[in-house]
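Enquirer: Pasting a structure here, questions to come.
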Amino acid sequence: MKTMKTMKTLIIIPAYNEEGSIAAVIADIRGHVPEADIVVINDGSTDRTEEIAKASGANVLTMPYNVGIGGGMQTGYIYARRQGYDVAVQMDADGQHPAKELPKLIEQASRYDLVIGSRYVESTSYRSPYMRRIGMIFFSQLVTLLTRQQFTDTTSGFRAAGRKVIDLYASYYPIDYPEVESLVYLKRHGCKITEVSTEMHRRKAGRSSITPARSVYYMIKVTFSVIMSAMRYNRTAVIK
Amino acid sequence: MFINVLSVSIAITFLVVVLELVRRQRLREQYSLLWILFSIVLLTVSLNVSLMEWIADQLGVKYAPAVLFLFGLLFCFSLILHLTIVITKLTSQVLRLTQEVAILKAREALYGKNN
């Protein structure tokens, strides 16, 4: 088993118009895990995200147009696979995931296929935290039921993936609202998943992609995808 | 009998248009087969009104042309379903290409710097 220092680690940061926060996020990572490489997936931003990320010293993959969070994130995993990384950590560009928690996630990634950073400090920046809470509990229950493993924070986008998961995500990753479904997909492929408690900040800049109008669609779409994923044969085309 | 002449000519025109589109490579063979099948059925029914009436009778439909609407509608639905399947496939292919382009562009920029 490789130790944390010898594991080749990549931090994947999908970013869509995050010029206000991306520099601080990259600096934060450099300060806590200087040995990790950083790749920013610039998903067709119309602002200076690409420029600022490059100036901050990150590798930048720029999508020619906006492909959405799932397609962007998967690009990061394909890149991680080709470059032979042992661990890939996905992290938000808006500053809600503190880099000081990274060592904890990366360390656990040597023992588990996927490590989820679970928030014990609830983010309350959203307008209706109560509804959001209900949604999160609902998804936790649903995933727990379908996978027979207890999950507390299925919508967390703060995750560290080992080689097995990097390969699986490079082959298939849900296109929109991917967090919950991607867990069921991994469990269907026999991955070992754990949650570690991490602190999370309110976002520093930008807005949540989930508006009240979209949340109904979100609930229905994710529930449907999760159930379909649980019923799917685990047959996956391998992408080289 | 004017309606018979009309429907036969529509069916023949339709079949010719589909075949011509395939010949000019404006329509792929795989997608044209459904349309060709559809126009042949249309032609058969137009030429043979008693066949239509017999089918309507068997199904217990009082108004024979309603059977035509039923099958026409079913055909449209299955074709639209087929199209959305094709779109889904195209969407994933375009996404995969986009991802490859993003990765290749970054690599190219890196080599450009070194040379």
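Every chain in the structure tokens takes a letter, A first, then B, and so on in the order presented; its residues are numbered from 1, and the ligands are numbered from 1 following the presented order.
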Please determine the contact residues of chain A with respect to chain B at a cut-off of 7 Å, counting only C-alpha atoms, and supply them as a list in words.
Expert: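 The selection requested is Val60, Leu61, Thr62, Met63, Gly71 and Thr75 of chain A.
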Enquirer: Do you know which residues are at most 9 Å from A:Val143 counting only C-alpha atoms, after dropping those on the same chain fewer than 2 positions away, and could you put them as a ChimeraX atom specification?
Expert: /A:138-141,145-151,154,180-181,183-184,226
Enquirer: Mind listing the strand (DSSP E) residues of stretch 4-47 of chain A, per DSSP on the backbone, as a list in words?
Expert: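 Taking stretch 4-47 of chain A and keeping strand (DSSP E) only, one gets Thr9, Leu10, Ile11, Ile12, Ile13, Pro14, Ala15, Asp37, Ile38, Val39, Val40, Ile41 and Asn42 of chain A.
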Enquirer: Could you save those same residues with N, CA and C atoms as a PDB file, in the first residue's frame?
Expert:
```pdb
ATOM      1  N   THR A   9      -1.472  12.384  -6.821  1.00  0.00           N
ATOM      2  CA  THR A   9      -2.802  12.915  -6.544  1.00  0.00           C
ATOM      3  C   THR A   9      -3.172  14.068  -7.468  1.00  0.00           C
ATOM      4  N   LEU A  10      -4.411  14.031  -7.946  1.00  0.00           N
ATOM      5  CA  LEU A  10      -4.927  15.098  -8.807  1.00  0.00           C
ATOM      6  C   LEU A  10      -6.171  15.707  -8.170  1.00  0.00           C
ATOM      7  N   ILE A  11      -6.211  17.032  -8.112  1.00  0.00           N
ATOM      8  CA  ILE A  11      -7.421  17.705  -7.632  1.00  0.00           C
ATOM      9  C   ILE A  11      -8.174  18.223  -8.858  1.00  0.00           C
ATOM     10  N   ILE A  12      -9.417  17.778  -9.027  1.00  0.00           N
ATOM     11  CA  ILE A  12     -10.231  18.200 -10.176  1.00  0.00           C
ATOM     12  C   ILE A  12     -11.213  19.283  -9.711  1.00  0.00           C
ATOM     13  N   ILE A  13     -11.147  20.443 -10.346  1.00  0.00           N
ATOM     14  CA  ILE A  13     -12.056  21.534  -9.987  1.00  0.00           C
ATOM     15  C   ILE A  13     -12.856  21.949 -11.210  1.00  0.00           C
ATOM     16  N   PRO A  14     -14.106  21.517 -11.305  1.00  0.00           N
ATOM     17  CA  PRO A  14     -14.929  21.991 -12.411  1.00  0.00           C
ATOM     18  C   PRO A  14     -15.335  23.435 -12.150  1.00  0.00           C
ATOM     19  N   ALA A  15     -15.234  24.290 -13.163  1.00  0.00           N
ATOM     20  CA  ALA A  15     -15.539  25.700 -12.945  1.00  0.00           C
ATOM     21  C   ALA A  15     -16.315  26.287 -14.111  1.00  0.00           C
ATOM     22  N   ASP A  37      -1.325  17.677  -7.928  1.00  0.00           N
ATOM     23  CA  ASP A  37      -1.533  18.452  -9.147  1.00  0.00           C
ATOM     24  C   ASP A  37      -2.978  18.944  -9.165  1.00  0.00           C
ATOM     25  N   ILE A  38      -3.168  20.080  -9.832  1.00  0.00           N
ATOM     26  CA  ILE A  38      -4.519  20.645  -9.892  1.00  0.00           C
ATOM     27  C   ILE A  38      -4.930  20.782 -11.355  1.00  0.00           C
ATOM     28  N   VAL A  39      -6.119  20.289 -11.676  1.00  0.00           N
ATOM     29  CA  VAL A  39      -6.648  20.537 -13.017  1.00  0.00           C
ATOM     30  C   VAL A  39      -8.007  21.214 -12.880  1.00  0.00           C
ATOM     31  N   VAL A  40      -8.141  22.351 -13.554  1.00  0.00           N
ATOM     32  CA  VAL A  40      -9.413  23.069 -13.555  1.00  0.00           C
ATOM     33  C   VAL A  40     -10.123  22.735 -14.859  1.00  0.00           C
ATOM     34  N   ILE A  41     -11.365  22.249 -14.748  1.00  0.00           N
ATOM     35  CA  ILE A  41     -12.149  21.999 -15.953  1.00  0.00           C
ATOM     36  C   ILE A  41     -12.982  23.253 -16.204  1.00  0.00           C
ATOM     37  N   ASN A  42     -12.521  24.067 -17.122  1.00  0.00           N
ATOM     38  CA  ASN A  42     -13.226  25.298 -17.426  1.00  0.00           C
ATOM     39  C   ASN A  42     -14.345  24.976 -18.409  1.00  0.00           C
TER      40      ASN A  42
END
```
Enquirer: Would you work out the distance separating atom CA of A:Tyr173 from atom CA of A:Tyr185, expressed in Å to one decimal?
Expert: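 That distance, rounded to one decimal, is 8.8 Å.
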Enquirer: Which of these residues is nearest to B:Ala11, using only C-alpha atoms: B:Gln25, B:Thr88, B:Ser46, B:Ser32?
Expert: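 Closest residue, counting only C-alpha atoms: B:Ser46.
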Enquirer: Give the answer as one residue: which of B:Leu97, B:Ile80, B:Val8, B:Ile85 has the shortest atom-to-atom distance to B:Leu42, using only C-alpha atoms?
Expert: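 Closest to B:Leu42, using only C-alpha atoms: B:Val8.
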Enquirer: Could you give me, as a PDB file with C-alpha atoms, in the first residue's frame, the residues within 12 Å of B:Leu47, counting only C-alpha atoms and dropping anything in the same chain fewer than 5 positions from it?
Expert:
```
ATOM      1  CA  MET B   1     -63.330   7.530 -56.617  1.00  0.00           C
ATOM      2  CA  ILE B   3     -60.029  10.048 -53.110  1.00  0.00           C
ATOM      3  CA  ASN B   4     -58.573   6.707 -54.235  1.00  0.00           C
ATOM      4  CA  VAL B   5     -56.603   8.308 -57.051  1.00  0.00           C
ATOM      5  CA  LEU B   6     -55.413  11.011 -54.649  1.00  0.00           C
ATOM      6  CA  SER B   7     -54.263   8.609 -51.913  1.00  0.00           C
ATOM      7  CA  VAL B   8     -52.515   6.318 -54.404  1.00  0.00           C
ATOM      8  CA  SER B   9     -50.613   9.270 -55.890  1.00  0.00           C
ATOM      9  CA  ILE B  10     -49.677  10.569 -52.432  1.00  0.00           C
ATOM     10  CA  ALA B  11     -48.352   7.126 -51.458  1.00  0.00           C
ATOM     11  CA  ILE B  12     -46.345   6.794 -54.690  1.00  0.00           C
ATOM     12  CA  ILE B  40     -45.683   0.571 -48.922  1.00  0.00           C
ATOM     13  CA  VAL B  41     -48.382   0.040 -46.297  1.00  0.00           C
ATOM     14  CA  LEU B  42     -49.983   3.319 -47.351  1.00  0.00           C
ATOM     15  CA  MET B  52     -59.104  -1.597 -44.924  1.00  0.00           C
TER      16      MET B  52
END
```
Enquirer: List the neighbours of A:Ser45 out to 8 Å using only C-alpha atoms; skip same-chain residues closer than 6 positions along the sequence, and give me the result as a PyMOL selection string.
Expert: chain A and resi 15-18+65-66
Enquirer: Just want the 8 Å neighbourhood of A:Ile193, counted on only C-alpha atoms, with same-chain residues fewer than 4 positions away dropped. Output as a list in words.
Expert: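 Answer for this query is Tyr112, Asp113, Leu114, Val115, Ile116 and Lys187 of chain A.
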Enquirer: Determine the nearest neighbour of A:Arg202 from the options A:Ala93, A:Met231, A:Ala170, A:Ala36, counting only C-alpha atoms.
Expert: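 The shortest atom-to-atom distance to A:Arg202 comes from A:Ala93.
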Enquirer: Residues at most 9 Å from A:Gly117, counting only C-alpha atoms, excluding those fewer than 6 positions away in the same chain, as a list of chain:residue names?
Expert: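 Neighbouring residues, sequence-local ones excluded: A:His97, A:Glu101, A:Leu105, A:Asp153, A:Ser156, A:Gly157, A:Phe158, A:Arg159, A:Ala160, A:Thr194, A:Glu195, A:Val196, A:Ser197, A:Thr198, A:Glu199, A:Met200.
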Enquirer: Just to confirm, what's the straight-line distance from atom CA of A:Ile22 to atom CA of A:Ala80 in Å (one decimal)?
Expert: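 So the two atoms, atom CA of A:Ile22 and atom CA of A:Ala80, lie 20.2 Å apart.
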